[in-house]
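A short write-up of the structure that comes next.
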Amino acid sequence: MTTNKHINSIAIWFALILFATSAQASEQYEPRPIAKSERCPVCGMYPANYPQWHSQIVFKDGEHSSFDSPVEMFRFVQDPARYDKRHDADAIVRIYVPDFGKGAWLDARLAHYVIGSSVKGPMGDDLPAFASKEMAAGFAKKFGGDVLTFQQVTPALVQGGHSH
């Protein structure tokens, strides 16, 4: 009996350490506050000035890059070597976009985007993001455009001209 109690207490202790470690690791990749001085690595604009649009990538080493819009974030994701000499695509752990109109951070890979709407972002034509396909479809019905998933946003869709 004593051995089983000892083994159980070791198992519980080990589980607590794993939980604490995973919680700590998870926190390491949470979205960061965007400083007023941060510049978008793609266009040089200041993401903090565009809270309805700004996006963020967090890397394995805990560093992050912030973008003034989802379009710029996609440009970065699709060609990281062009904009960052220290981080490649494999270094990306999390990608965040704001839920359009609500501001809460969303996992960019799970968000739904509207392309071709009449609503313009900091880069002109942009990709407002939504937590659900239904919310994106409602926005598209009101402002025009088509609903896309993260995987459907191709380089050809985001490489077009943009206006500031």
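Residues in the structure tokens are named by chain (A, B, ... in the order shown) and by number from 1 within that chain; ligands are numbered from 1 in the order shown.
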* Pick out the residues sitting within 10 Å of Glu134 (chain A), and hand them over as a PyMOL selection string; count only C-alpha atoms, and ignore anything fewer than 4 positions along from it in its own chain. => chain A and resi 112+130+138-140+147
* Give me the residues within 8 Å of region 63-78 of chain A as a VMD selection string, counting only C-alpha atoms and dropping any in the same chain fewer than 6 places off. => chain A and resid 32 34 38 to 43 45 to 50 53 to 57 89 97 121 to 123 126 to 129 153 155 158 to 159
Find the spatial neighbours of Phe150 (chain A), counting only C-alpha atoms, within a cut-off of 8 Å - ignore same-chain residues fewer than 4 positions away - and output them as a CSV table (one decimal) with C-alpha atoms, in the first residue's frame.
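See around.csv below for the written result:
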chain,number,residue,atom,x,y,z
A,108,ALA,CA,-5.4,33.6,-37.4
A,109,ARG,CA,-5.3,30.0,-38.6
A,110,LEU,CA,-8.9,29.5,-37.4
A,111,ALA,CA,-10.3,32.9,-38.4
A,112,HIS,CA,-12.5,33.6,-41.4
A,113,TYR,CA,-11.6,36.5,-43.7
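Residue nearest Ser118 (chain A), chosen from A:Phe100, A:Ala131, A:Val93, A:Gly144 and counting only C-alpha atoms: A:Gly144.
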